[in-house]
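Colleague: Okay, so here is coords-v4.cif, and as you'll see once you scroll down, it has mmCIF, C-alpha atoms (C1' of nucleotides).
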data_run
#
loop_
_atom_site.label_atom_id
_atom_site.label_comp_id
_atom_site.auth_asym_id
_atom_site.auth_seq_id
_atom_site.Cartn_x
_atom_site.Cartn_y
_atom_site.Cartn_z
CA MET Q 1 227.61 106.30 -174.13
CA THR Q 2 230.09 104.13 -172.26
CA THR Q 3 230.95 100.68 -173.57
CA ALA Q 4 230.30 98.84 -170.33
CA ARG Q 5 226.57 98.26 -169.96
CA ARG Q 6 224.61 95.55 -168.37
CA ASP Q 7 221.35 94.22 -167.03
CA THR Q 8 219.60 95.93 -169.91
CA TYR Q 9 218.64 94.37 -173.21
CA THR Q 10 220.19 94.80 -176.62
CA PRO Q 11 218.59 93.43 -179.79
CA GLU Q 12 221.06 90.55 -179.58
CA THR Q 13 220.43 89.51 -176.00
CA LEU Q 14 216.70 89.86 -176.51
CA LEU Q 15 217.04 87.63 -179.55
CA GLY Q 16 218.55 84.93 -177.38
CA VAL Q 17 215.50 84.88 -175.16
CA ALA Q 18 213.07 85.04 -178.07
CA VAL Q 19 214.67 82.16 -179.97
CA ARG Q 20 214.50 79.97 -176.90
CA VAL Q 21 210.78 80.62 -176.47
CA PHE Q 22 210.13 80.25 -180.21
CA ASN Q 23 211.69 76.81 -180.09
CA GLU Q 24 209.69 75.78 -177.05
CA ARG Q 25 206.28 76.92 -178.25
CA GLY Q 26 206.74 77.28 -182.00
CA TYR Q 27 206.87 80.67 -183.71
CA ASP Q 28 203.11 80.90 -184.31
CA GLY Q 29 202.40 79.53 -180.86
CA THR Q 30 204.46 82.28 -179.21
CA SER Q 31 202.78 85.59 -178.38
CA MET Q 32 204.51 88.84 -177.55
CA GLU Q 33 203.07 88.34 -174.09
CA HIS Q 34 204.99 85.06 -173.80
CA LEU Q 35 208.16 86.84 -174.89
CA SER Q 36 207.68 89.66 -172.40
CA LYS Q 37 207.22 87.22 -169.51
CA ALA Q 38 210.31 85.26 -170.53
CA ALA Q 39 212.39 88.42 -170.94
CA GLY Q 40 211.13 90.00 -167.74
CA ILE Q 41 210.18 93.27 -169.40
CA SER Q 42 206.83 94.57 -170.56
CA LYS Q 43 205.38 93.77 -173.94
CA SER Q 44 205.71 97.32 -175.18
CA SER Q 45 209.36 97.50 -174.13
CA ILE Q 46 210.24 94.84 -176.64
CA TYR Q 47 209.39 97.31 -179.39
CA HIS Q 48 212.08 99.65 -178.09
CA HIS Q 49 214.71 97.13 -179.21
CA VAL Q 50 213.20 95.51 -182.31
CA THR Q 51 210.51 96.51 -184.78
CA GLY Q 52 208.36 93.48 -184.06
CA LYS Q 53 207.98 89.74 -183.84
CA GLU Q 54 209.01 89.07 -187.40
CA GLU Q 55 212.32 90.93 -187.06
CA LEU Q 56 213.27 88.53 -184.29
CA LEU Q 57 212.56 85.61 -186.60
CA ARG Q 58 214.51 87.22 -189.45
CA ARG Q 59 217.56 87.90 -187.28
CA ALA Q 60 217.53 84.33 -186.01
CA VAL Q 61 217.25 82.53 -189.33
CA SER Q 62 219.77 84.91 -190.93
CA ARG Q 63 222.32 84.00 -188.33
CA ALA Q 64 221.76 80.29 -188.95
CA LEU Q 65 221.91 80.64 -192.72
CA ASP Q 66 225.10 82.71 -192.60
CA GLU Q 67 226.83 80.03 -190.55
CA LEU Q 68 225.71 77.26 -192.89
CA PHE Q 69 226.70 79.03 -196.10
CA GLY Q 70 230.01 79.92 -194.46
CA ILE Q 71 230.89 76.22 -194.48
CA LEU Q 72 230.87 76.15 -198.27
CA ASP Q 73 233.48 78.92 -198.40
CA GLU Q 74 235.96 77.13 -196.16
CA GLU Q 75 239.07 75.77 -197.82
CA HIS Q 76 238.41 72.08 -197.20
CA ALA Q 77 235.01 72.43 -198.84
CA ARG Q 78 236.52 73.85 -202.01
CA ALA Q 79 239.60 71.76 -202.77
CA GLY Q 80 240.27 68.04 -203.04
CA ARG Q 81 238.29 65.00 -204.13
CA ALA Q 82 234.54 65.57 -204.01
CA VAL Q 83 233.97 62.71 -201.57
CA GLU Q 84 236.42 64.29 -199.14
CA ARG Q 85 234.88 67.73 -199.52
CA LEU Q 86 231.50 66.12 -198.92
CA GLU Q 87 232.69 64.44 -195.75
CA TYR Q 88 234.12 67.73 -194.55
CA VAL Q 89 230.86 69.58 -195.21
CA VAL Q 90 228.83 66.90 -193.45
CA ARG Q 91 231.08 67.09 -190.41
CA ARG Q 92 231.02 70.88 -190.33
CA MET Q 93 227.25 70.92 -190.70
CA VAL Q 94 226.94 68.85 -187.56
CA GLU Q 95 229.30 71.20 -185.75
CA VAL Q 96 227.41 74.29 -186.86
CA LEU Q 97 224.06 72.73 -185.99
CA ILE Q 98 225.28 72.10 -182.47
CA ALA Q 99 227.14 75.38 -182.03
CA GLU Q 100 224.15 77.41 -183.23
CA LEU Q 101 221.53 74.92 -182.06
CA PRO Q 102 218.59 77.22 -181.23
CA TYR Q 103 219.05 79.35 -184.33
CA VAL Q 104 219.31 76.41 -186.72
CA THR Q 105 216.41 74.71 -184.95
CA LEU Q 106 214.23 77.70 -185.67
CA LEU Q 107 215.42 77.82 -189.28
CA LEU Q 108 214.53 74.19 -189.86
CA ARG Q 109 211.00 74.67 -188.59
CA VAL Q 110 209.78 77.65 -190.60
CA ARG Q 111 206.63 76.85 -192.57
CA GLY Q 112 206.30 79.68 -195.09
CA ASN Q 113 203.40 81.74 -193.75
CA THR Q 114 205.17 85.10 -193.91
CA GLY Q 115 207.59 86.70 -196.34
CA THR Q 116 210.49 86.15 -193.99
CA GLU Q 117 209.69 82.47 -193.73
CA ARG Q 118 209.44 82.03 -197.48
CA TRP Q 119 212.80 83.76 -197.93
CA ALA Q 120 214.34 81.38 -195.38
CA LEU Q 121 212.90 78.36 -197.18
CA GLU Q 122 214.36 79.57 -200.46
CA ARG Q 123 217.85 80.03 -199.04
CA ARG Q 124 217.64 76.58 -197.45
CA ARG Q 125 216.81 75.06 -200.82
CA GLU Q 126 219.81 76.84 -202.28
CA PHE Q 127 222.09 75.37 -199.64
CA ASP Q 128 220.68 71.88 -200.18
CA HIS Q 129 221.33 72.26 -203.87
CA ARG Q 130 224.97 73.18 -203.30
CA VAL Q 131 225.51 70.03 -201.22
CA ALA Q 132 223.68 67.90 -203.75
CA GLU Q 133 226.18 69.09 -206.36
CA LEU Q 134 229.00 67.87 -204.13
CA LEU Q 135 227.41 64.44 -203.83
CA SER Q 136 226.84 64.37 -207.57
CA ALA Q 137 230.51 65.15 -208.17
CA ALA Q 138 231.55 62.41 -205.76
CA ALA Q 139 229.38 59.96 -207.70
CA ALA Q 140 230.94 61.09 -210.99
CA GLU Q 141 234.39 60.49 -209.52
CA GLY Q 142 233.29 56.96 -208.60
CA ASP Q 143 233.66 57.37 -204.85
CA VAL Q 144 230.05 56.84 -203.79
CA ARG Q 145 227.58 54.20 -204.85
CA GLY Q 146 225.64 54.80 -208.04
CA ASP Q 147 222.55 52.73 -207.19
CA VAL Q 148 220.92 55.45 -205.06
CA GLU Q 149 219.72 58.59 -206.77
CA VAL Q 150 221.74 61.68 -205.86
CA ARG Q 151 218.72 63.85 -205.13
CA LEU Q 152 217.15 61.20 -202.92
CA ALA Q 153 220.38 60.46 -201.07
CA THR Q 154 220.98 64.15 -200.43
CA ARG Q 155 217.57 64.55 -198.88
CA LEU Q 156 218.00 61.51 -196.67
CA VAL Q 157 221.42 62.63 -195.48
CA PHE Q 158 220.07 66.10 -194.76
CA GLY Q 159 217.22 64.45 -192.88
CA MET Q 160 219.66 62.58 -190.68
CA ILE Q 161 221.82 65.62 -189.97
CA ASN Q 162 218.99 68.07 -189.44
CA SER Q 163 217.26 65.70 -187.01
CA ILE Q 164 220.01 66.54 -184.54
CA VAL Q 165 218.13 69.68 -183.54
CA GLU Q 166 215.22 67.50 -182.40
CA TRP Q 167 217.11 65.65 -179.69
CA TYR Q 168 220.60 67.04 -179.04
CA ARG Q 169 220.85 68.90 -175.74
CA PRO Q 170 224.19 70.32 -174.59
CA ASP Q 171 223.88 69.02 -171.02
CA GLY Q 172 227.25 68.94 -169.32
CA ARG Q 173 229.37 65.89 -170.12
CA GLY Q 174 227.02 63.93 -172.29
CA MET Q 175 228.36 63.41 -175.77
CA GLY Q 176 230.18 66.28 -177.40
CA GLU Q 177 229.79 67.61 -180.90
CA ARG Q 178 232.82 65.58 -181.92
CA ASP Q 179 231.10 62.31 -180.95
CA VAL Q 180 227.97 63.21 -182.85
CA ALA Q 181 229.91 64.31 -185.92
CA ASP Q 182 231.90 61.07 -185.92
CA ALA Q 183 228.76 58.97 -185.65
CA VAL Q 184 227.02 60.86 -188.44
CA VAL Q 185 229.98 60.59 -190.80
CA ARG Q 186 230.31 56.90 -190.04
CA LEU Q 187 226.62 56.18 -190.62
CA VAL Q 188 226.36 58.31 -193.73
CA PHE Q 189 229.33 56.75 -195.46
CA SER Q 190 229.45 53.21 -194.08
CA GLY Q 191 226.02 52.46 -192.65
CA LEU Q 192 224.96 50.44 -189.65
CA THR Q 193 226.27 47.09 -190.76
CA ARG Q 194 229.33 45.74 -189.00
CA ALA Q 195 232.40 46.96 -190.86
CA MET B 1 169.04 57.20 -192.21
CA THR B 2 170.04 55.57 -195.47
CA THR B 3 173.57 54.33 -195.97
CA ALA B 4 174.24 56.12 -199.24
CA ARG B 5 175.15 59.73 -198.57
CA ARG B 6 177.36 62.15 -200.33
CA ASP B 7 178.54 65.71 -200.92
CA THR B 8 178.16 66.33 -197.22
CA TYR B 9 180.87 66.18 -194.64
CA THR B 10 181.56 63.46 -192.09
CA PRO B 11 184.12 63.86 -189.33
CA GLU B 12 186.47 61.75 -191.45
CA THR B 13 186.20 63.69 -194.69
CA LEU B 14 186.45 66.96 -192.80
CA LEU B 15 189.58 65.60 -191.13
CA GLY B 16 191.16 65.11 -194.53
CA VAL B 17 190.71 68.79 -195.35
CA ALA B 18 191.86 69.94 -191.93
CA VAL B 19 195.04 67.88 -191.95
CA ARG B 20 196.00 69.25 -195.34
CA VAL B 21 195.62 72.84 -194.12
CA PHE B 22 197.37 72.08 -190.81
CA ASN B 23 200.36 70.81 -192.76
CA GLU B 24 200.44 73.83 -195.04
CA ARG B 25 200.16 76.51 -192.35
CA GLY B 26 201.13 74.68 -189.19
CA TYR B 27 198.60 73.79 -186.49
CA ASP B 28 199.00 77.03 -184.54
CA GLY B 29 199.08 79.03 -187.74
CA THR B 30 195.72 77.62 -188.88
CA SER B 31 192.52 79.35 -187.75
CA MET B 32 189.02 77.93 -187.88
CA GLU B 33 188.39 80.57 -190.53
CA HIS B 34 191.14 79.02 -192.67
CA LEU B 35 189.57 75.61 -192.23
CA SER B 36 186.11 76.84 -193.15
CA LYS B 37 187.38 78.45 -196.35
CA ALA B 38 189.24 75.29 -197.32
CA ALA B 39 186.24 73.08 -196.56
CA GLY B 40 183.77 75.36 -198.27
CA ILE B 41 181.42 75.54 -195.27
CA SER B 42 180.97 78.14 -192.58
CA LYS B 43 183.08 78.23 -189.46
CA SER B 44 180.17 77.30 -187.21
CA SER B 45 179.25 74.33 -189.39
CA ILE B 46 182.54 72.70 -188.55
CA TYR B 47 181.35 72.39 -184.95
CA HIS B 48 178.43 70.28 -186.15
CA HIS B 49 180.90 67.52 -187.04
CA VAL B 50 183.67 67.87 -184.47
CA THR B 51 183.90 69.40 -181.01
CA GLY B 52 186.68 71.79 -182.00
CA LYS B 53 190.12 72.36 -183.43
CA GLU B 54 191.89 70.10 -180.99
CA GLU B 55 189.69 67.08 -181.79
CA LEU B 56 190.84 67.33 -185.40
CA LEU B 57 194.44 67.23 -184.23
CA ARG B 58 193.76 64.31 -181.89
CA ARG B 59 192.04 62.26 -184.60
CA ALA B 60 194.90 62.89 -187.01
CA VAL B 61 197.79 61.99 -184.73
CA SER B 62 195.89 58.97 -183.38
CA ARG B 63 195.55 57.59 -186.87
CA ALA B 64 199.26 58.03 -187.51
CA LEU B 65 200.27 56.47 -184.19
CA ASP B 66 197.96 53.48 -184.67
CA GLU B 67 199.54 52.73 -188.04
CA LEU B 68 203.08 53.02 -186.67
CA PHE B 69 202.47 50.83 -183.62
CA GLY B 70 200.71 48.35 -185.88
CA ILE B 71 204.05 47.67 -187.55
CA LEU B 72 205.50 46.28 -184.32
CA ASP B 73 202.69 43.71 -184.10
CA GLU B 74 203.30 42.32 -187.58
CA GLU B 75 204.84 38.85 -187.78
CA HIS B 76 208.11 39.84 -189.45
CA ALA B 77 208.70 42.39 -186.69
CA ARG B 78 208.36 39.74 -183.98
CA ALA B 79 210.26 36.68 -185.22
CA GLY B 80 213.75 36.11 -186.60
CA ARG B 81 217.15 37.66 -186.09
CA ALA B 82 216.99 41.14 -184.63
CA VAL B 83 218.82 42.70 -187.59
CA GLU B 84 216.23 41.27 -189.98
CA ARG B 85 213.35 42.41 -187.82
CA LEU B 86 214.96 45.86 -187.72
CA GLU B 87 215.27 45.99 -191.49
CA TYR B 88 211.63 44.97 -191.80
CA VAL B 89 210.49 47.67 -189.38
CA VAL B 90 212.57 50.33 -191.15
CA ARG B 91 211.07 49.36 -194.50
CA ARG B 92 207.52 49.30 -193.14
CA MET B 93 208.02 52.67 -191.44
CA VAL B 94 208.85 54.19 -194.79
CA GLU B 95 205.75 52.58 -196.33
CA VAL B 96 203.49 53.80 -193.54
CA LEU B 97 204.97 57.31 -193.67
CA ILE B 98 204.18 57.50 -197.36
CA ALA B 99 200.77 55.81 -197.18
CA GLU B 100 199.64 58.06 -194.33
CA LEU B 101 201.80 61.02 -195.31
CA PRO B 102 199.65 63.96 -194.12
CA TYR B 103 198.76 62.31 -190.82
CA VAL B 104 202.32 61.29 -189.97
CA THR B 105 203.56 64.71 -191.07
CA LEU B 106 201.27 66.34 -188.57
CA LEU B 107 202.34 63.89 -185.86
CA LEU B 108 206.01 64.64 -186.39
CA ARG B 109 205.46 68.37 -186.04
CA VAL B 110 203.55 68.64 -182.76
CA ARG B 111 205.34 70.85 -180.26
CA GLY B 112 203.64 70.12 -176.93
CA ASN B 113 201.56 73.23 -176.27
CA THR B 114 198.31 71.38 -175.53
CA GLY B 115 197.42 68.18 -173.70
CA THR B 116 196.81 66.37 -176.97
CA GLU B 117 200.21 67.37 -178.27
CA ARG B 118 201.99 66.22 -175.12
CA TRP B 119 200.20 62.87 -175.31
CA ALA B 120 201.33 62.48 -178.92
CA LEU B 121 204.93 63.26 -177.99
CA GLU B 122 204.82 60.65 -175.25
CA ARG B 123 203.56 57.93 -177.55
CA ARG B 124 206.19 58.84 -180.12
CA ARG B 125 208.89 58.43 -177.50
CA GLU B 126 207.45 55.03 -176.66
CA PHE B 127 207.62 53.95 -180.30
CA ASP B 128 211.20 55.20 -180.62
CA HIS B 129 212.11 53.22 -177.53
CA ARG B 130 210.67 50.01 -178.99
CA VAL B 131 212.77 50.41 -182.14
CA ALA B 132 215.86 51.25 -180.10
CA GLU B 133 215.43 47.92 -178.33
CA LEU B 134 215.48 46.17 -181.70
CA LEU B 135 218.72 47.90 -182.66
CA SER B 136 220.17 47.04 -179.29
CA ALA B 137 219.28 43.38 -179.78
CA ALA B 138 220.86 43.41 -183.24
CA ALA B 139 224.04 44.80 -181.73
CA ALA B 140 224.03 42.10 -179.04
CA GLU B 141 223.69 39.46 -181.76
CA GLY B 142 226.75 40.97 -183.46
CA ASP B 143 224.98 41.99 -186.67
CA VAL B 144 225.48 45.75 -186.47
CA ARG B 145 228.58 47.75 -185.67
CA GLY B 146 229.37 48.37 -182.04
CA ASP B 147 231.28 51.61 -182.41
CA VAL B 148 228.18 53.79 -182.63
CA GLU B 149 226.02 54.15 -179.58
CA VAL B 150 222.62 52.50 -179.91
CA ARG B 151 220.66 55.47 -178.66
CA LEU B 152 222.48 57.85 -180.98
CA ALA B 153 222.16 55.58 -183.99
CA THR B 154 218.44 55.12 -183.39
CA ARG B 155 217.87 58.83 -183.34
CA LEU B 156 219.85 59.38 -186.52
CA VAL B 157 218.03 56.60 -188.34
CA PHE B 158 214.69 57.99 -187.19
CA GLY B 159 215.83 61.39 -188.39
CA MET B 160 216.53 60.03 -191.84
CA ILE B 161 213.23 58.16 -192.09
CA ASN B 162 211.07 60.90 -190.62
CA SER B 163 212.57 63.49 -192.96
CA ILE B 164 210.62 61.83 -195.75
CA VAL B 165 207.55 63.82 -194.76
CA GLU B 166 209.47 67.02 -195.52
CA TRP B 167 210.01 66.36 -199.20
CA TYR B 168 208.13 63.30 -200.50
CA ARG B 169 205.21 64.23 -202.71
CA PRO B 170 203.12 61.49 -204.37
CA ASP B 171 203.10 63.17 -207.79
CA GLY B 172 202.23 60.65 -210.48
CA ARG B 173 205.13 58.53 -211.68
CA GLY B 174 207.95 60.01 -209.73
CA MET B 175 209.54 57.48 -207.43
CA GLY B 176 207.26 55.06 -205.62
CA GLU B 177 207.31 54.09 -201.99
CA ARG B 178 209.27 50.99 -202.97
CA ASP B 179 212.11 53.06 -204.39
CA VAL B 180 212.28 55.22 -201.29
CA ALA B 181 212.15 52.23 -198.95
CA ASP B 182 214.96 50.51 -200.89
CA ALA B 183 217.14 53.60 -200.76
CA VAL B 184 216.56 54.11 -197.03
CA VAL B 185 217.35 50.49 -196.17
CA ARG B 186 220.48 50.62 -198.32
CA LEU B 187 221.74 53.85 -196.76
CA VAL B 188 220.90 52.84 -193.21
CA PHE B 189 222.65 49.50 -193.38
CA SER B 190 225.43 50.04 -195.94
CA GLY B 191 225.96 53.81 -196.20
CA LEU B 192 226.89 55.97 -199.14
CA THR B 193 230.25 54.46 -199.90
CA ARG B 194 230.57 52.31 -203.01
CA ALA B 195 229.75 48.72 -202.07
"C1'" DC P 1 150.39 66.79 -194.17
"C1'" DC P 2 153.47 67.35 -190.21
"C1'" DT P 3 157.23 65.92 -187.35
"C1'" DT P 4 162.03 64.80 -186.79
"C1'" DG P 5 166.76 65.13 -187.35
"C1'" DT P 6 170.78 66.33 -190.29
"C1'" DC P 7 173.43 69.90 -192.12
"C1'" DC P 8 174.34 74.31 -192.48
"C1'" DC P 9 174.25 79.50 -191.76
"C1'" DG P 10 175.06 84.66 -190.03
"C1'" DA P 11 175.68 87.07 -185.99
"C1'" DC P 12 177.88 87.36 -182.04
"C1'" DC P 13 180.77 86.24 -177.56
"C1'" DG P 14 184.85 87.15 -174.47
"C1'" DA P 15 189.63 86.55 -174.98
"C1'" DT P 16 193.86 87.27 -177.06
"C1'" DC P 17 196.60 88.71 -181.00
"C1'" DG P 18 200.65 92.10 -182.62
"C1'" DT P 19 201.29 96.77 -182.29
"C1'" DT P 20 201.04 101.84 -180.90
"C1'" DC P 21 201.11 105.71 -177.85
"C1'" DG P 22 201.96 109.01 -174.13
"C1'" DG P 23 204.41 109.27 -170.33
"C1'" DT P 24 207.95 108.07 -166.39
"C1'" DT P 25 212.23 106.70 -164.57
"C1'" DA P 26 217.17 106.79 -164.33
"C1'" DC P 27 221.55 107.52 -166.12
"C1'" DT P 28 225.05 110.29 -168.97
"C1'" DC P 29 227.11 114.34 -170.48
"C1'" DT P 30 227.98 119.27 -170.10
"C1'" DA A 1 221.93 121.80 -161.85
"C1'" DG A 2 219.91 121.12 -166.10
"C1'" DA A 3 219.35 118.94 -170.80
"C1'" DG A 4 219.19 114.86 -173.36
"C1'" DT A 5 218.23 110.22 -174.08
"C1'" DA A 6 218.03 105.12 -173.48
"C1'" DA A 7 215.08 101.83 -171.32
"C1'" DC A 8 210.97 100.93 -169.76
"C1'" DC A 9 205.90 100.95 -168.49
"C1'" DG A 10 200.40 100.72 -168.45
"C1'" DA A 11 196.64 101.42 -171.26
"C1'" DA A 12 194.53 100.96 -175.23
"C1'" DC A 13 194.06 100.08 -180.48
"C1'" DG A 14 191.65 97.35 -184.33
"C1'" DA A 15 191.90 92.72 -185.81
"C1'" DT A 16 191.44 88.08 -185.24
"C1'" DC A 17 191.21 84.07 -182.23
"C1'" DG A 18 188.32 79.55 -180.98
"C1'" DG A 19 183.80 78.80 -179.92
"C1'" DT A 20 178.44 79.56 -179.09
"C1'" DC A 21 173.70 80.45 -180.30
"C1'" DG A 22 169.16 80.47 -182.51
"C1'" DG A 23 167.28 79.45 -186.47
"C1'" DG A 24 166.56 78.06 -191.62
"C1'" DA A 25 166.66 74.63 -195.57
"C1'" DC A 26 165.76 70.14 -196.78
"C1'" DA A 27 165.06 65.21 -196.96
"C1'" DA A 28 163.14 61.03 -194.71
"C1'" DG A 29 159.47 58.64 -192.15
"C1'" DG A 30 154.92 58.47 -190.35
#
How does the structure come out when it is put into structure tokens?
Modeller:
Amino acid sequence: MTTARRDTYTPETLLGVAVRVFNERGYDGTSMEHLSKAAGISKSSIYHHVTGKEELLRRAVSRALDELFGILDEEHARAGRAVERLEYVVRRMVEVLIAELPYVTLLLRVRGNTGTERWALERRREFDHRVAELLSAAAAEGDVRGDVEVRLATRLVFGMINSIVEWYRPDGRGMGERDVADAVVRLVFSGLTRA
Amino acid sequence: MTTARRDTYTPETLLGVAVRVFNERGYDGTSMEHLSKAAGISKSSIYHHVTGKEELLRRAVSRALDELFGILDEEHARAGRAVERLEYVVRRMVEVLIAELPYVTLLLRVRGNTGTERWALERRREFDHRVAELLSAAAAEGDVRGDVEVRLATRLVFGMINSIVEWYRPDGRGMGERDVADAVVRLVFSGLTRA
DNA sequence: CCTTGTCCCGACCGATCGTTCGGTTACTCT
DNA sequence: AGAGTAACCGAACGATCGGTCGGGACAAGG
């Protein structure tokens, strides 16, 4: 049992392949046969590393959820004026979305057909709720406009941020995560209109 | 062949049922058996009305695309300052999304596994491009900020608008499409920050 | 009455689904 | 050299997939 090992799969490296295929074809649209072709091993070999298709999904969405909830525990998300904490969380969400792009992409597309998917949807709702509370606090402190309902605004802002997974591709020397985060923060807080 | 007919399916009424199930379970996650249960007729009877599963998808996304492209032909989308045409298109997109909610929802979720899905993706890209041109024109006329790239801003605005299908439910006397459209226009052009 | 066509059904098709199983290869450790 | 085991494979499982087929119920039109 040496530490150095290669050109063989671990659950983690197999997960990388699976998540990529899941995102290309959709979870339901991906068969174990598709996964085996993409991984270059036989269908039955996959079961040597993981218990089945659903474990791959669970591992992937867990990783994404852990990263997102981690944001809320960071210092800048817990101290200061609510509007500043909100801006920090928005910026960090963009960064996490891009850093963990395939995993978050998968998370944002689950429909709720299996137990794992329903659990993921529930945790997502919990995260949304935590951010909505931030926005609500910022409104109470008078730092954001009061003529748009908090719940509605939260959903629209989440919609903007989450849409990143639909088009961002990390091709060399396009825009970096910093550029995207800046643009999102600017649009969310100041809008399109000329400053 | 009288005109008055009822309590029997037409391709259109069957489509309504199918689109609802597609949105609940995902297109790939929906079997013809699921559809037959939801429609209350046998699986084989479905083939009396439509040629198969994919025709249902094609009819649904076509309807959504026709409504969206229709916006661009309306008078207010073709005359006036670009920024005003853009605001009109944004508002009308929200209205169409809500009026044709299940059909647009399905359109926004296609992945590209079949020919029909790839065609839908292509037409969506074409629509996005048309709106991006509007935003570009508004920037050239000096009415929107120049420090956010047009292509990036378009995608983010689309992300915000399209996210409506993920949470809007037409339950009686919640917020109407007018409220949502107002909020979207306000956020897109002026942002969250207190006016 | 009988024909015609609409609407629907149960039974069934070959293909593919996620998963299991028995066995083989190849490397590590003693 | 021999034992143990991690990584892998082909073949096959029952279930379900999208779709086909021949025929029955029923109303309209002659």
Colleague: Chain Q least-squares fit onto chain B, all C-alpha atoms in order: RMSD in Å?
Modeller: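 The optimal C-alpha superposition leaves an RMSD of 0.1 Å.
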Colleague: Taking the file above as input, evaluate the PyMOL selection byres ((chain A and resi 17) around 9) and report the hits as a list in words.
Modeller: Ser31 and Met32 of chain B; DA15, DT16 and DC17 of chain P; DT16 and DG18 of chain A
Colleague: Okay, now the selection with C-alpha atoms (C1' of nucleotides), as an mmCIF file, keeping the file's coordinate frame?
Modeller:
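Output below, filename selection-v7.cif:
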data_model
loop_
_atom_site.group_PDB
_atom_site.id
_atom_site.type_symbol
_atom_site.label_atom_id
_atom_site.label_comp_id
_atom_site.auth_asym_id
_atom_site.auth_seq_id
_atom_site.Cartn_x
_atom_site.Cartn_y
_atom_site.Cartn_z
ATOM 1 C CA SER B 31 192.520 79.350 -187.750
ATOM 2 C CA MET B 32 189.020 77.930 -187.880
ATOM 3 C "C1'" DA P 15 189.630 86.550 -174.980
ATOM 4 C "C1'" DT P 16 193.860 87.270 -177.060
ATOM 5 C "C1'" DC P 17 196.600 88.710 -181.000
ATOM 6 C "C1'" DT A 16 191.440 88.080 -185.240
ATOM 7 C "C1'" DG A 18 188.320 79.550 -180.980
#
Colleague: Set the cut-off to 12 Å and count all atoms listed in the file: what are the residues of chain A that reach chain Q? Output as a PyMOL selection string.
Modeller: chain A and resi 5-12
Colleague: Can those selected residues be exported to a file as a CSV table (one decimal), in the coordinates of the input so that it contains C-alpha atoms (C1' of nucleotides)?
Modeller:
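Dumped to part.csv:
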chain,number,residue,atom,x,y,z
A,5,DT,C1',218.2,110.2,-174.1
A,6,DA,C1',218.0,105.1,-173.5
A,7,DA,C1',215.1,101.8,-171.3
A,8,DC,C1',211.0,100.9,-169.8
A,9,DC,C1',205.9,101.0,-168.5
A,10,DG,C1',200.4,100.7,-168.4
A,11,DA,C1',196.6,101.4,-171.3
A,12,DA,C1',194.5,101.0,-175.2
Colleague: Which chain P residues have any atom within 9 Å of an atom of chain B, and for each, what is the nearest pair of atoms with distance in Å to one decimal, counting only C-alpha atoms (C1' of nucleotides), rows sorted by chain and number, as CSV?
Modeller:
residue,atom,partner,partner_atom,distance
P:DC7,C1',B:His48,CA,7.8
P:DC8,C1',B:Ser45,CA,5.8
P:DC9,C1',B:Ser42,CA,6.9
Colleague: How would the residues just picked look written out with C-alpha atoms (C1' of nucleotides) as an mmCIF file, in the coordinates of the input?
Modeller:
data_model
loop_
_atom_site.group_PDB
_atom_site.id
_atom_site.type_symbol
_atom_site.label_atom_id
_atom_site.label_comp_id
_atom_site.auth_asym_id
_atom_site.auth_seq_id
_atom_site.Cartn_x
_atom_site.Cartn_y
_atom_site.Cartn_z
ATOM 1 C "C1'" DC P 7 173.430 69.900 -192.120
ATOM 2 C "C1'" DC P 8 174.340 74.310 -192.480
ATOM 3 C "C1'" DC P 9 174.250 79.500 -191.760
#
Colleague: What are the residues of chain Q that have an atom within 10 Å of an atom of chain B, counting only C-alpha atoms, as a PyMOL selection string?
Modeller: chain Q and resi 23-30+83+109-113+135+138-139+142-149+152-153+155-168+175+179-180+182-195
Colleague: Between CA of Arg63 in chain B and CA of Gly40 in chain B, measure the distance and give it in Å to one decimal.
Modeller: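 If I compute the distance from CA of Arg63 in chain B to CA of Gly40 in chain B, I get 24.2 Å.
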Colleague: Using all atoms listed in the file for the distances, tell me which of B:Ala137, B:Leu108, B:Ala38, B:Ala60 is nearest to Val17 in chain B.
Modeller: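 Smallest separation from Val17 in chain B among the options: B:Ala38.
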Colleague: Translate the PyMOL selection byres ((chain P and resi 2-5) around 10), as applied to the file shown, into an explicit residue set as a list of chain:residue names.
Modeller: B:Met1, P:DC1, P:DT6, P:DC7, A:DA27, A:DA28, A:DG29, A:DG30
Colleague: Write the residues you've just listed into a file as a PDB file, keeping the file's coordinate frame, and include C-alpha atoms (C1' of nucleotides) for each of them.
Modeller:
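Done, and the output landed in result.pdb:
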ATOM      1  CA  MET B   1     169.040  57.200-192.210  1.00  0.00           C
TER       2      MET B   1
ATOM      3  C1'  DC P   1     150.390  66.790-194.170  1.00  0.00           C
ATOM      4  C1'  DT P   6     170.780  66.330-190.290  1.00  0.00           C
ATOM      5  C1'  DC P   7     173.430  69.900-192.120  1.00  0.00           C
TER       6       DC P   7
ATOM      7  C1'  DA A  27     165.060  65.210-196.960  1.00  0.00           C
ATOM      8  C1'  DA A  28     163.140  61.030-194.710  1.00  0.00           C
ATOM      9  C1'  DG A  29     159.470  58.640-192.150  1.00  0.00           C
ATOM     10  C1'  DG A  30     154.920  58.470-190.350  1.00  0.00           C
TER      11       DG A  30
END
Colleague: For CA of Thr13 in chain Q and CA of Ala39 in chain Q, quote the distance in Å rounded to one decimal.
Modeller: 9.6 Å
Colleague: Which distance in Å separates CA of His129 in chain Q and CA of Ala79 in chain Q, to one decimal?
Modeller: 18.3 Å
Colleague: For a quick check of understanding, using only C-alpha atoms, which of Q:Glu133, Q:Glu126, Q:Glu55, Q:Glu95 has the smallest distance to Glu67 in chain Q?
Modeller: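 Closest to Glu67 in chain Q, using only C-alpha atoms: Q:Glu95.
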